[in-house]
Amino acid sequence: MTAPLLEVRDVGQRFRASGGMFAKTRQVVAVDGVSLRLETGGVLGVVGESGCGKSTLAKIILGLIKPTSGDVLIDGRSLTTMDRRERARLIQPVFQDPFSSLNPRQRIRDIVALPLTAQGGIPAGEIRKRVDAMLSRVGLDPAMGERLPAQLSGGQRQRVAIARALVLHPRLVVCDEPTSALDVSVQAQILNLLAELRLEFGLSYLFISHNLAVVEHVASEVAVMYLGRIVERNEASALFHAPRHPYTKALLASVLTPEPGLGIPETGLGDAMPDPANVPSGCRFHPRCPVAVERCSRDSPTTERAGAGIVECHLAPVG
Amino acid sequence: MRALRNAGLCVGAVIVGFTLLVAIFAPILATQDPFAQDLSRRLIVPFWMEGGSTNHLLGTDQLGRDYLARLIYGARISMLIGIMTVVTSGAIGVAMGVIGGFFGGRIDDMILFAITARLSIPLILVALAVVSLVGSSLTVVVMTLGLLLWDRFAVVARVSTMQIRTLDFVAAAWSAGCSRPRILLREVLPNILSPLAVVATLEMALAILLEAALSFLGLGVPPPLPSWGLMIAEAKDYMFFSPWVIMVPGLSLCALVFGINLLGDGLRDLLKTGRTT
Amino acid sequence: MTALLEVADLHIGFGGLAAVRGASFTVNKGETHCLVGESGCGKSVTALAMMGLLPANAERRTAALRFDGQDIAGLSEREMSRLRGDRIAMIFQEPMTSLNPAYTVGSQMGEVYRRHRGGTRQAALDRAAELLERVRITSPGMRLGQFPHQLSGGLRQRVMIAMALMCEPELLIADEPTTALDVTVQAQILRLLADLQTELGLAILMITHDLGIVARTAHRVSVMYAGEIVETAPVFPLFAEPRHPYTRGLLSCVPVPGKVGRDEPLGSIRGTVPRIGPNFAGCAFRDRCDLARPDCSSPVVRHTLASEHSYLCQIAP
Ligand SMILES: Nc1ncnc2c1ncn2[C@@H]1O[C@H](COP(=O)(O)OP(=O)(O)O)[C@@H](O)[C@H]1O
Ligand SMILES: Nc1ncnc2c1ncn2[C@@H]1O[C@H](COP(=O)(O)OP(=O)(O)O)[C@@H](O)[C@H]1O
Ligand code: SF4
Ligand SMILES: [Mg+2]
Ligand SMILES: [Mg+2]
């Protein structure tokens with residue numbers, strides 16, 4: 001069996017957050033024992049509420065943060081054994097905020113060319129040709145290359161970010177909420193573009209979002225994250241049709257589809273918000289879980305196989 | 001309000017630009033020798049007062065030297081000191097601040113300590129001590145001020161770097177495979193220049209005033225160089241009977257410092273609004 | 001159905017920009033009216049105009065602006081401020097910007113109450129506690145003594161709602177009240193608003209860009225595009241038979257689980273919302289519309305389907 005494109009092995013990330021001058025420093029558990037696999041050509045969706053560690057996980061996979069524990073492998077090789085140029089040829093990011101993800105002082109052309117210039121040794125004429133081709137491929141006029149980011153709309157900026165990510169023809173693109181800051185009409189344009197480019201360039205995506213409807217549309221497999229852990233992971237169709245974890249169910253119930261007459265769903269989650277600096281004992285979801293039993297506050301549930309995926313809950317159907 | 005601020009920026013730019021031009025072209029503009037004494041023609045009044053002559057438009061000083069020529073050459077000294085001090089202290093402060101803010105951790109702790117240490121040094125006292133020990137010359141004044149005035153550059157550069165470092169375009173540059181120096185020079189530095197430009201104007205005004213103060217105390221640039229501070233010092237004995245000798249360099253100093261501050265304020269507003277669009 | 005808020009031919013301009021161009025709509029007692037559209041369409045400035053809170057550089061012109069039968073277009077700032085927070089209240093997208101970080105939740109809520117109703121500090125605090133309970137906040141006594149930054153985003157929005165309800169307003173204007181929140185918290189907040197509406201008979205003007213929220217909360221919907229209300233209808237006909245190409249386009253953009261397959265493209269609208277000057281004529285959507293015809297640049301007709309359903313487009317039903 002060949003190694004998968006991406007393998008995340010038991011990755012953990014703790015941050016020390018000082019609570020002010022006189023408070024003692026607290027430990028924030030941002031990511032805790034996360035394992036994931038992604039085969040070439042797949043789209044792995046990661047969903048969860050804000051603060052559950054999605055962006056931290058993305059940064060670890062991009063090699064931007066060295067995790068406190070665990071390892072990330074691309075094609076069976078650890079990220080730590082690669083130099084920055086090799087890593088750049090394999091993985092590229094698209095971030096959420098199209099305003100902060102482009103250097104305001106650089107022309108669009110130079111922003112898109114950055115991964116090429118960082119490789120070194122590529123002639124200027126060649127860089128120019130490839131940047132122009134990529135700009136037109138993402139739907140921008142190459143003449144726009146002379147502009148500054150401030151002269152572009154949010155959707156156009158996100159296209160620039162995509163062009164920058166693809167100009168080296170990487171294998172994996174980590175998309176961290178790529179459409180969360182956009183209007184629905186622009187979101188649809190960007191999602192369609194990402195789908196076309198995936199087929200055309202043979203890409204795989206790690207697609208992070210808090211919008212389940214979006215993830216349902218793009219992902220072949222979905223991981224649900226809660227307070228730094230993956231509490232359920234499965235093939236997309238299985239996860240959406242038969243969610244097993246109570247948190248997945250609550251998330252799914254919260255999706256407001258544009259169908260009048262259905263009213264507002266009751267999530268049953270209560271108002272205790274999760275705090276990664278203070279992870280509850282037992283099952284970390286128990287303070288908000290609508291079906292929790294006494295044992296949930298005492299014992300941590302183990303990771304069980306569930307169909308093609310996994311689930312972490314005392315009460316969830318497994319096997 | 002906006003237009004008012006822009007007007008301030010223009011006025012500031014005109015004052016500073018004019019002084020700069022005067023400083024650069026001093027040898028052409030000054031028709032007389034600023035060092036030539038003529039004791040028979042001491043304290044001649046400016047042309048607009050009774051008894052003034054068009055020979056000496058601003059009159060002469062207590063040694064009979066042409067006051068306009070001295071004022072023009074004085075602009076040279078002030079601008080030279082202002083710019084050289086900003087260049088020296090800017091280089092030191094920005095390097096320290098950027099390194100601290102970019103690398104964080106131990107390195108940042110050390111930089112922070114250096115900033116705190118510098119802030120606890122009484123500026124004027126140390127400048128006085130150094131100059132009186134080493135002896136006063138233009139180089140000594142510039143070096144002393146340059147080595148003392150870097151703190152604000154360091155503080156601003158450090159905080160701005162820390163903010164920029166966390167932005168997504170820097171993360172994208174790391175992911176693109178850029179090297180550390182490249183990220184520092186191409187991604188971080190260009191984006192902290194605008195707040196630093198404002199600091200530079202403030203420090204320039206401060207350096208010019210400090211030089212004037214040192215010269216007034218006889219510890220700045222040595223006579224017979226025509227520094228505006230020195231001119232004020234030399235004029236103070238004659239100010240009751242010949243008030244213009246103190247007013248001419250005094251008002252020039254005020255106008256220049258005011259102009260630089262207007263420029264800095266205007267620059268800050270301009271850059272602030274430029275950010276959001 | 002009696003109308004509580006009636007707006008006719010509202011225009012709002014910022015110098016060379018026409019932000020709202022002839023908007024007319026009605027909010028009935030006890031009903032939710034949703035104003036939906038992409039960002040920059042003029043939804044927020046419309047809401048601010050209702051509250052008399054437009055920025056100083058805005059010019060407003062309107063044929064009628066009536067609240068409960070009374071004309072409020074000509075009210076002085078003093079009279080308007082007496083209405084605000086008392087009979088008309090507003091909540092915003094980011095509660096942190098409308099809560100003062102330096103005061104406790106209790107003192108801010110009490111302050112609103114005493115400004116309109118007077119009474120003792122203790123009475124106001126009691127009222128605040130009662131409302132926190134009403135917006136389903138557990139241990140209201142403790143929350144009253146907390147500062148805004150000590151609350152999570154969802155709790156802050158609940159506090160904002162409680163504060164808005166202090167004086168039992170008849171109309172609540174909610175400008176994207178859940179956009180900054182997680183989907184789970186969003187569902188909780190929207191449910192709370194729906195429950196409060198039935199309990200208190202509140203009329204709500206809900207502003208959002210999310211068609212899911214519109215479908216689930218609205219009685220009536222007005223779709224806003226480039227400062228105009230291009231389609232208005234009760235919620236069922238609007239979703240069943242959208243008429244304006246913009247409404248249709250928006251609906252086709254929304255990913256709905258199970259509707260569009262993974263490798264099929266979503267529907268989309270090309271381009272972005274234009275900024276429109278005061279002398280613009282014709283349909284503002286024509287550059288993005290697939291059905292645009294030459295006559296779309298001449299003044300557009302409003303077609304009425306049923307008494308309650310109308311849209312603004314050159315193409316007849
Ligand atoms: N550099 C950091 N230092 C301290 N805490 C951090 C840092 N980065 C993230 N965190 C914390 O880790 C948690 C997870 O954050 P993040 O990964 O950004 O979540 P998400 O992307 O799911 O919203 C949050 O509580 C956040 O405050
Ligand atoms: N204070 C202001 N000055 C100038 N233009 C403004 C101001 N406020 C809003 N606008 C403009 O008015 C238009 C409508 O804005 P807004 O009502 O906030 O849109 P929405 O809420 O639908 O996203 C936008 O083009 C916006 O740029
Ligand atoms: S383990 Fe218990 S608390 Fe956790 S999700 Fe399952 S039922 Fe809920
Ligand atoms: Mg995130
Ligand atoms: Mg708005």
# chains A, B, ... in the order shown; residues from 1 in each chain; ligands from 1

$ select_by_dssp --residues "region 7-238 of chain C" --states "strand (DSSP E)" --output "PDB file with N, CA and C atoms, in the first residue's frame"
ATOM      1  N   VAL C   7     -42.474  52.967   5.194  1.00  0.00           N
ATOM      2  CA  VAL C   7     -41.458  53.776   4.538  1.00  0.00           C
ATOM      3  C   VAL C   7     -41.857  53.910   3.089  1.00  0.00           C
ATOM      4  N   ALA C   8     -41.874  55.124   2.563  1.00  0.00           N
ATOM      5  CA  ALA C   8     -42.198  55.296   1.158  1.00  0.00           C
ATOM      6  C   ALA C   8     -41.140  56.152   0.483  1.00  0.00           C
ATOM      7  N   ASP C   9     -40.607  55.634  -0.609  1.00  0.00           N
ATOM      8  CA  ASP C   9     -39.674  56.361  -1.467  1.00  0.00           C
ATOM      9  C   ASP C   9     -38.508  56.975  -0.695  1.00  0.00           C
ATOM     10  N   LEU C  10     -37.791  56.138   0.005  1.00  0.00           N
ATOM     11  CA  LEU C  10     -36.630  56.603   0.778  1.00  0.00           C
ATOM     12  C   LEU C  10     -35.412  56.731  -0.124  1.00  0.00           C
ATOM     13  N   HIS C  11     -34.762  57.896  -0.049  1.00  0.00           N
ATOM     14  CA  HIS C  11     -33.507  58.108  -0.788  1.00  0.00           C
ATOM     15  C   HIS C  11     -32.424  58.491   0.199  1.00  0.00           C
ATOM     16  N   ILE C  12     -31.251  57.862   0.094  1.00  0.00           N
ATOM     17  CA  ILE C  12     -30.121  58.271   0.920  1.00  0.00           C
ATOM     18  C   ILE C  12     -28.911  58.399   0.013  1.00  0.00           C
ATOM     19  N   GLY C  13     -28.247  59.548   0.095  1.00  0.00           N
ATOM     20  CA  GLY C  13     -27.075  59.752  -0.749  1.00  0.00           C
ATOM     21  C   GLY C  13     -25.872  60.164   0.078  1.00  0.00           C
ATOM     22  N   PHE C  14     -24.675  59.816  -0.429  1.00  0.00           N
ATOM     23  CA  PHE C  14     -23.429  60.291   0.163  1.00  0.00           C
ATOM     24  C   PHE C  14     -22.687  61.010  -0.954  1.00  0.00           C
ATOM     25  N   LEU C  17     -22.674  59.377  -4.364  1.00  0.00           N
ATOM     26  CA  LEU C  17     -23.100  57.983  -4.297  1.00  0.00           C
ATOM     27  C   LEU C  17     -24.556  57.915  -3.852  1.00  0.00           C
ATOM     28  N   ALA C  18     -25.386  57.241  -4.653  1.00  0.00           N
ATOM     29  CA  ALA C  18     -26.778  57.037  -4.249  1.00  0.00           C
ATOM     30  C   ALA C  18     -26.864  55.685  -3.554  1.00  0.00           C
ATOM     31  N   ALA C  19     -26.888  55.688  -2.216  1.00  0.00           N
ATOM     32  CA  ALA C  19     -26.825  54.439  -1.459  1.00  0.00           C
ATOM     33  C   ALA C  19     -28.196  53.772  -1.383  1.00  0.00           C
ATOM     34  N   VAL C  20     -29.263  54.573  -1.259  1.00  0.00           N
ATOM     35  CA  VAL C  20     -30.623  54.033  -1.279  1.00  0.00           C
ATOM     36  C   VAL C  20     -31.422  54.849  -2.276  1.00  0.00           C
ATOM     37  N   ARG C  21     -32.154  54.181  -3.165  1.00  0.00           N
ATOM     38  CA  ARG C  21     -32.822  54.880  -4.266  1.00  0.00           C
ATOM     39  C   ARG C  21     -34.287  54.482  -4.345  1.00  0.00           C
ATOM     40  N   GLY C  22     -35.105  55.171  -3.565  1.00  0.00           N
ATOM     41  CA  GLY C  22     -36.544  54.971  -3.670  1.00  0.00           C
ATOM     42  C   GLY C  22     -37.041  53.693  -3.045  1.00  0.00           C
ATOM     43  N   ALA C  23     -36.565  53.366  -1.845  1.00  0.00           N
ATOM     44  CA  ALA C  23     -37.017  52.148  -1.178  1.00  0.00           C
ATOM     45  C   ALA C  23     -38.342  52.397  -0.463  1.00  0.00           C
ATOM     46  N   SER C  24     -39.294  51.481  -0.644  1.00  0.00           N
ATOM     47  CA  SER C  24     -40.563  51.551   0.075  1.00  0.00           C
ATOM     48  C   SER C  24     -40.845  50.180   0.663  1.00  0.00           C
ATOM     49  N   PHE C  25     -41.204  50.142   1.938  1.00  0.00           N
ATOM     50  CA  PHE C  25     -41.599  48.865   2.526  1.00  0.00           C
ATOM     51  C   PHE C  25     -42.391  49.120   3.797  1.00  0.00           C
ATOM     52  N   THR C  26     -43.019  48.074   4.301  1.00  0.00           N
ATOM     53  CA  THR C  26     -43.866  48.172   5.472  1.00  0.00           C
ATOM     54  C   THR C  26     -43.537  47.035   6.418  1.00  0.00           C
ATOM     55  N   VAL C  27     -43.436  47.352   7.710  1.00  0.00           N
ATOM     56  CA  VAL C  27     -43.273  46.291   8.698  1.00  0.00           C
ATOM     57  C   VAL C  27     -44.556  46.237   9.508  1.00  0.00           C
ATOM     58  N   ASN C  28     -45.228  45.079   9.489  1.00  0.00           N
ATOM     59  CA  ASN C  28     -46.483  44.954  10.220  1.00  0.00           C
ATOM     60  C   ASN C  28     -46.259  44.595  11.675  1.00  0.00           C
ATOM     61  N   THR C  32     -42.022  39.682  11.147  1.00  0.00           N
ATOM     62  CA  THR C  32     -40.626  39.896  10.789  1.00  0.00           C
ATOM     63  C   THR C  32     -40.537  40.210   9.299  1.00  0.00           C
ATOM     64  N   HIS C  33     -39.930  41.348   9.010  1.00  0.00           N
ATOM     65  CA  HIS C  33     -39.699  41.728   7.617  1.00  0.00           C
ATOM     66  C   HIS C  33     -38.194  41.653   7.384  1.00  0.00           C
ATOM     67  N   CYS C  34     -37.781  40.836   6.430  1.00  0.00           N
ATOM     68  CA  CYS C  34     -36.343  40.691   6.160  1.00  0.00           C
ATOM     69  C   CYS C  34     -35.937  41.556   4.984  1.00  0.00           C
ATOM     70  N   LEU C  35     -34.806  42.241   5.175  1.00  0.00           N
ATOM     71  CA  LEU C  35     -34.202  43.018   4.103  1.00  0.00           C
ATOM     72  C   LEU C  35     -32.937  42.253   3.733  1.00  0.00           C
ATOM     73  N   VAL C  36     -32.885  41.724   2.496  1.00  0.00           N
ATOM     74  CA  VAL C  36     -31.755  40.860   2.150  1.00  0.00           C
ATOM     75  C   VAL C  36     -31.051  41.376   0.903  1.00  0.00           C
ATOM     76  N   GLU C  59     -27.353  62.452   3.029  1.00  0.00           N
ATOM     77  CA  GLU C  59     -28.554  63.270   2.772  1.00  0.00           C
ATOM     78  C   GLU C  59     -29.735  62.316   2.649  1.00  0.00           C
ATOM     79  N   ARG C  60     -30.816  62.598   3.414  1.00  0.00           N
ATOM     80  CA  ARG C  60     -31.980  61.724   3.365  1.00  0.00           C
ATOM     81  C   ARG C  60     -33.170  62.477   2.792  1.00  0.00           C
ATOM     82  N   ARG C  61     -33.962  61.771   1.998  1.00  0.00           N
ATOM     83  CA  ARG C  61     -35.160  62.369   1.418  1.00  0.00           C
ATOM     84  C   ARG C  61     -36.179  61.248   1.406  1.00  0.00           C
ATOM     85  N   ALA C  64     -42.563  59.421   2.828  1.00  0.00           N
ATOM     86  CA  ALA C  64     -43.232  59.193   4.102  1.00  0.00           C
ATOM     87  C   ALA C  64     -42.402  58.251   4.942  1.00  0.00           C
ATOM     88  N   LEU C  65     -42.373  58.533   6.250  1.00  0.00           N
ATOM     89  CA  LEU C  65     -41.713  57.643   7.202  1.00  0.00           C
ATOM     90  C   LEU C  65     -42.609  57.671   8.435  1.00  0.00           C
ATOM     91  N   ARG C  66     -43.442  56.643   8.562  1.00  0.00           N
ATOM     92  CA  ARG C  66     -44.435  56.655   9.641  1.00  0.00           C
ATOM     93  C   ARG C  66     -44.211  55.494  10.591  1.00  0.00           C
ATOM     94  N   PHE C  67     -44.275  55.818  11.883  1.00  0.00           N
ATOM     95  CA  PHE C  67     -44.198  54.783  12.899  1.00  0.00           C
ATOM     96  C   PHE C  67     -45.488  54.810  13.688  1.00  0.00           C
ATOM     97  N   GLN C  70     -47.702  57.719  13.144  1.00  0.00           N
ATOM     98  CA  GLN C  70     -47.163  59.056  13.381  1.00  0.00           C
ATOM     99  C   GLN C  70     -46.015  59.316  12.417  1.00  0.00           C
ATOM    100  N   ASP C  71     -45.974  60.539  11.853  1.00  0.00           N
ATOM    101  CA  ASP C  71     -44.883  60.851  10.928  1.00  0.00           C
ATOM    102  C   ASP C  71     -43.611  61.095  11.724  1.00  0.00           C
ATOM    103  N   ILE C  88     -38.663  52.026  19.632  1.00  0.00           N
ATOM    104  CA  ILE C  88     -37.896  51.381  18.560  1.00  0.00           C
ATOM    105  C   ILE C  88     -36.513  51.077  19.117  1.00  0.00           C
ATOM    106  N   ALA C  89     -36.067  49.831  18.986  1.00  0.00           N
ATOM    107  CA  ALA C  89     -34.725  49.498  19.478  1.00  0.00           C
ATOM    108  C   ALA C  89     -33.945  48.832  18.360  1.00  0.00           C
ATOM    109  N   MET C  90     -32.614  48.842  18.504  1.00  0.00           N
ATOM    110  CA  MET C  90     -31.797  48.293  17.431  1.00  0.00           C
ATOM    111  C   MET C  90     -30.664  47.443  17.998  1.00  0.00           C
ATOM    112  N   ILE C  91     -30.350  46.334  17.320  1.00  0.00           N
ATOM    113  CA  ILE C  91     -29.151  45.569  17.670  1.00  0.00           C
ATOM    114  C   ILE C  91     -28.279  45.431  16.429  1.00  0.00           C
ATOM    115  N   LEU C 171     -40.914  47.820  17.957  1.00  0.00           N
ATOM    116  CA  LEU C 171     -40.158  47.470  16.755  1.00  0.00           C
ATOM    117  C   LEU C 171     -38.697  47.236  17.118  1.00  0.00           C
ATOM    118  N   LEU C 172     -38.167  46.105  16.662  1.00  0.00           N
ATOM    119  CA  LEU C 172     -36.748  45.812  16.867  1.00  0.00           C
ATOM    120  C   LEU C 172     -36.088  45.768  15.497  1.00  0.00           C
ATOM    121  N   ILE C 173     -35.057  46.588  15.324  1.00  0.00           N
ATOM    122  CA  ILE C 173     -34.303  46.549  14.074  1.00  0.00           C
ATOM    123  C   ILE C 173     -33.018  45.780  14.343  1.00  0.00           C
ATOM    124  N   ALA C 174     -32.813  44.684  13.621  1.00  0.00           N
ATOM    125  CA  ALA C 174     -31.647  43.835  13.866  1.00  0.00           C
ATOM    126  C   ALA C 174     -30.793  43.825  12.609  1.00  0.00           C
ATOM    127  N   ASP C 175     -29.584  44.438  12.684  1.00  0.00           N
ATOM    128  CA  ASP C 175     -28.712  44.516  11.512  1.00  0.00           C
ATOM    129  C   ASP C 175     -27.682  43.394  11.585  1.00  0.00           C
ATOM    130  N   ALA C 203     -42.478  43.518  16.472  1.00  0.00           N
ATOM    131  CA  ALA C 203     -42.233  43.554  15.027  1.00  0.00           C
ATOM    132  C   ALA C 203     -40.727  43.627  14.829  1.00  0.00           C
ATOM    133  N   ILE C 204     -40.203  42.882  13.856  1.00  0.00           N
ATOM    134  CA  ILE C 204     -38.751  42.865  13.657  1.00  0.00           C
ATOM    135  C   ILE C 204     -38.426  43.239  12.219  1.00  0.00           C
ATOM    136  N   LEU C 205     -37.515  44.202  12.064  1.00  0.00           N
ATOM    137  CA  LEU C 205     -36.934  44.458  10.753  1.00  0.00           C
ATOM    138  C   LEU C 205     -35.569  43.791  10.761  1.00  0.00           C
ATOM    139  N   MET C 206     -35.462  42.655  10.073  1.00  0.00           N
ATOM    140  CA  MET C 206     -34.238  41.846  10.137  1.00  0.00           C
ATOM    141  C   MET C 206     -33.423  42.081   8.884  1.00  0.00           C
ATOM    142  N   ILE C 207     -32.175  42.498   9.089  1.00  0.00           N
ATOM    143  CA  ILE C 207     -31.296  42.750   7.954  1.00  0.00           C
ATOM    144  C   ILE C 207     -30.260  41.651   7.876  1.00  0.00           C
ATOM    145  N   THR C 208     -30.103  41.041   6.732  1.00  0.00           N
ATOM    146  CA  THR C 208     -29.176  39.918   6.626  1.00  0.00           C
ATOM    147  C   THR C 208     -28.760  39.734   5.180  1.00  0.00           C
ATOM    148  N   ARG C 220     -42.255  38.415   5.692  1.00  0.00           N
ATOM    149  CA  ARG C 220     -42.179  39.155   4.428  1.00  0.00           C
ATOM    150  C   ARG C 220     -40.732  39.435   4.103  1.00  0.00           C
ATOM    151  N   VAL C 221     -40.422  39.471   2.810  1.00  0.00           N
ATOM    152  CA  VAL C 221     -39.037  39.672   2.401  1.00  0.00           C
ATOM    153  C   VAL C 221     -38.951  40.803   1.381  1.00  0.00           C
ATOM    154  N   SER C 222     -37.938  41.649   1.538  1.00  0.00           N
ATOM    155  CA  SER C 222     -37.624  42.605   0.484  1.00  0.00           C
ATOM    156  C   SER C 222     -36.186  42.388   0.064  1.00  0.00           C
ATOM    157  N   VAL C 223     -35.986  42.154  -1.226  1.00  0.00           N
ATOM    158  CA  VAL C 223     -34.634  41.933  -1.734  1.00  0.00           C
ATOM    159  C   VAL C 223     -34.090  43.269  -2.209  1.00  0.00           C
ATOM    160  N   MET C 224     -32.943  43.634  -1.668  1.00  0.00           N
ATOM    161  CA  MET C 224     -32.388  44.945  -1.976  1.00  0.00           C
ATOM    162  C   MET C 224     -31.185  44.775  -2.887  1.00  0.00           C
ATOM    163  N   TYR C 225     -31.121  45.583  -3.926  1.00  0.00           N
ATOM    164  CA  TYR C 225     -29.960  45.557  -4.807  1.00  0.00           C
ATOM    165  C   TYR C 225     -29.596  46.975  -5.202  1.00  0.00           C
ATOM    166  N   GLU C 228     -32.041  49.708  -4.292  1.00  0.00           N
ATOM    167  CA  GLU C 228     -33.458  49.597  -4.632  1.00  0.00           C
ATOM    168  C   GLU C 228     -34.019  48.297  -4.084  1.00  0.00           C
ATOM    169  N   ILE C 229     -35.321  48.295  -3.787  1.00  0.00           N
ATOM    170  CA  ILE C 229     -35.952  47.032  -3.442  1.00  0.00           C
ATOM    171  C   ILE C 229     -36.444  46.424  -4.743  1.00  0.00           C
ATOM    172  N   VAL C 230     -35.721  45.385  -5.207  1.00  0.00           N
ATOM    173  CA  VAL C 230     -36.004  44.876  -6.550  1.00  0.00           C
ATOM    174  C   VAL C 230     -37.104  43.829  -6.531  1.00  0.00           C
ATOM    175  N   GLU C 231     -37.358  43.227  -5.357  1.00  0.00           N
ATOM    176  CA  GLU C 231     -38.477  42.288  -5.283  1.00  0.00           C
ATOM    177  C   GLU C 231     -38.967  42.254  -3.859  1.00  0.00           C
ATOM    178  N   THR C 232     -40.281  42.195  -3.684  1.00  0.00           N
ATOM    179  CA  THR C 232     -40.813  42.069  -2.336  1.00  0.00           C
ATOM    180  C   THR C 232     -42.002  41.124  -2.374  1.00  0.00           C
ATOM    181  N   ALA C 233     -42.085  40.252  -1.353  1.00  0.00           N
ATOM    182  CA  ALA C 233     -43.151  39.248  -1.337  1.00  0.00           C
ATOM    183  C   ALA C 233     -43.193  38.600   0.035  1.00  0.00           C
ATOM    184  N   PRO C 234     -44.328  37.969   0.394  1.00  0.00           N
ATOM    185  CA  PRO C 234     -44.338  37.118   1.569  1.00  0.00           C
ATOM    186  C   PRO C 234     -43.350  35.979   1.355  1.00  0.00           C
TER     187      PRO C 234
END

$ residues_near_ligand --ligand "ligand 2" --cutoff "7 Å" --atoms "only C-alpha atoms and all ligand atoms" --output "mmCIF file with N, CA, C and O atoms, in the first residue's frame"
data_model
loop_
_atom_site.group_PDB
_atom_site.id
_atom_site.type_symbol
_atom_site.label_atom_id
_atom_site.label_comp_id
_atom_site.auth_asym_id
_atom_site.auth_seq_id
_atom_site.Cartn_x
_atom_site.Cartn_y
_atom_site.Cartn_z
ATOM 1 N N PHE C 14 -24.675 59.816 -0.429
ATOM 2 C CA PHE C 14 -23.429 60.291 0.163
ATOM 3 C C PHE C 14 -22.687 61.010 -0.954
ATOM 4 O O PHE C 14 -21.967 60.379 -1.723
ATOM 5 N N ALA C 19 -26.888 55.688 -2.216
ATOM 6 C CA ALA C 19 -26.825 54.439 -1.459
ATOM 7 C C ALA C 19 -28.196 53.772 -1.383
ATOM 8 O O ALA C 19 -28.302 52.553 -1.421
ATOM 9 N N GLY C 37 -29.741 41.143 0.814
ATOM 10 C CA GLY C 37 -28.961 41.582 -0.338
ATOM 11 C C GLY C 37 -27.483 41.466 -0.017
ATOM 12 O O GLY C 37 -27.109 41.251 1.132
ATOM 13 N N GLU C 38 -26.651 41.597 -1.061
ATOM 14 C CA GLU C 38 -25.209 41.495 -0.844
ATOM 15 C C GLU C 38 -24.711 42.712 -0.073
ATOM 16 O O GLU C 38 -25.421 43.706 0.053
ATOM 17 N N SER C 39 -23.451 42.658 0.391
ATOM 18 C CA SER C 39 -22.957 43.802 1.147
ATOM 19 C C SER C 39 -22.778 44.984 0.203
ATOM 20 O O SER C 39 -22.427 44.811 -0.961
ATOM 21 N N GLY C 40 -23.057 46.168 0.710
ATOM 22 C CA GLY C 40 -22.968 47.370 -0.096
ATOM 23 C C GLY C 40 -24.262 47.728 -0.801
ATOM 24 O O GLY C 40 -24.312 48.687 -1.555
ATOM 25 N N CYS C 41 -25.341 46.950 -0.537
ATOM 26 C CA CYS C 41 -26.600 47.231 -1.222
ATOM 27 C C CYS C 41 -27.415 48.330 -0.540
ATOM 28 O O CYS C 41 -28.446 48.743 -1.060
ATOM 29 N N GLY C 42 -27.006 48.762 0.630
ATOM 30 C CA GLY C 42 -27.709 49.847 1.302
ATOM 31 C C GLY C 42 -28.598 49.402 2.446
ATOM 32 O O GLY C 42 -29.429 50.187 2.925
ATOM 33 N N LYS C 43 -28.440 48.181 2.915
ATOM 34 C CA LYS C 43 -29.304 47.678 3.975
ATOM 35 C C LYS C 43 -29.052 48.419 5.297
ATOM 36 O O LYS C 43 -29.995 48.875 5.944
ATOM 37 N N SER C 44 -27.783 48.540 5.669
ATOM 38 C CA SER C 44 -27.481 49.156 6.964
ATOM 39 C C SER C 44 -27.883 50.622 7.005
ATOM 40 O O SER C 44 -28.431 51.084 8.004
ATOM 41 N N VAL C 45 -27.620 51.362 5.938
ATOM 42 C CA VAL C 45 -27.993 52.785 5.981
ATOM 43 C C VAL C 45 -29.511 52.937 6.027
ATOM 44 O O VAL C 45 -30.021 53.871 6.650
ATOM 45 N N THR C 46 -30.234 52.003 5.410
ATOM 46 C CA THR C 46 -31.692 52.041 5.522
ATOM 47 C C THR C 46 -32.107 51.893 6.978
ATOM 48 O O THR C 46 -32.940 52.651 7.497
ATOM 49 N N PRO C 55 -25.091 58.896 9.466
ATOM 50 C CA PRO C 55 -23.918 59.752 9.650
ATOM 51 C C PRO C 55 -24.159 61.143 9.078
ATOM 52 O O PRO C 55 -25.044 61.340 8.236
ATOM 53 N N ASN C 57 -22.698 63.010 7.025
ATOM 54 C CA ASN C 57 -22.493 63.307 5.607
ATOM 55 C C ASN C 57 -23.567 62.692 4.700
ATOM 56 O O ASN C 57 -23.447 62.733 3.493
ATOM 57 N N ALA C 58 -24.610 62.121 5.300
ATOM 58 C CA ALA C 58 -25.666 61.504 4.491
ATOM 59 C C ALA C 58 -26.792 62.509 4.245
ATOM 60 O O ALA C 58 -27.129 63.296 5.116
ATOM 61 N N ARG C 275 -21.318 50.673 -7.672
ATOM 62 C CA ARG C 275 -21.607 51.905 -6.917
ATOM 63 C C ARG C 275 -22.295 52.851 -7.888
ATOM 64 O O ARG C 275 -21.784 53.104 -8.967
#

$ closest_residue --among "C:Ile315, C:Leu181, C:Ile269, C:Ala187" --to "Gly51 (chain A)" --atoms "only C-alpha atoms"
C:Leu181
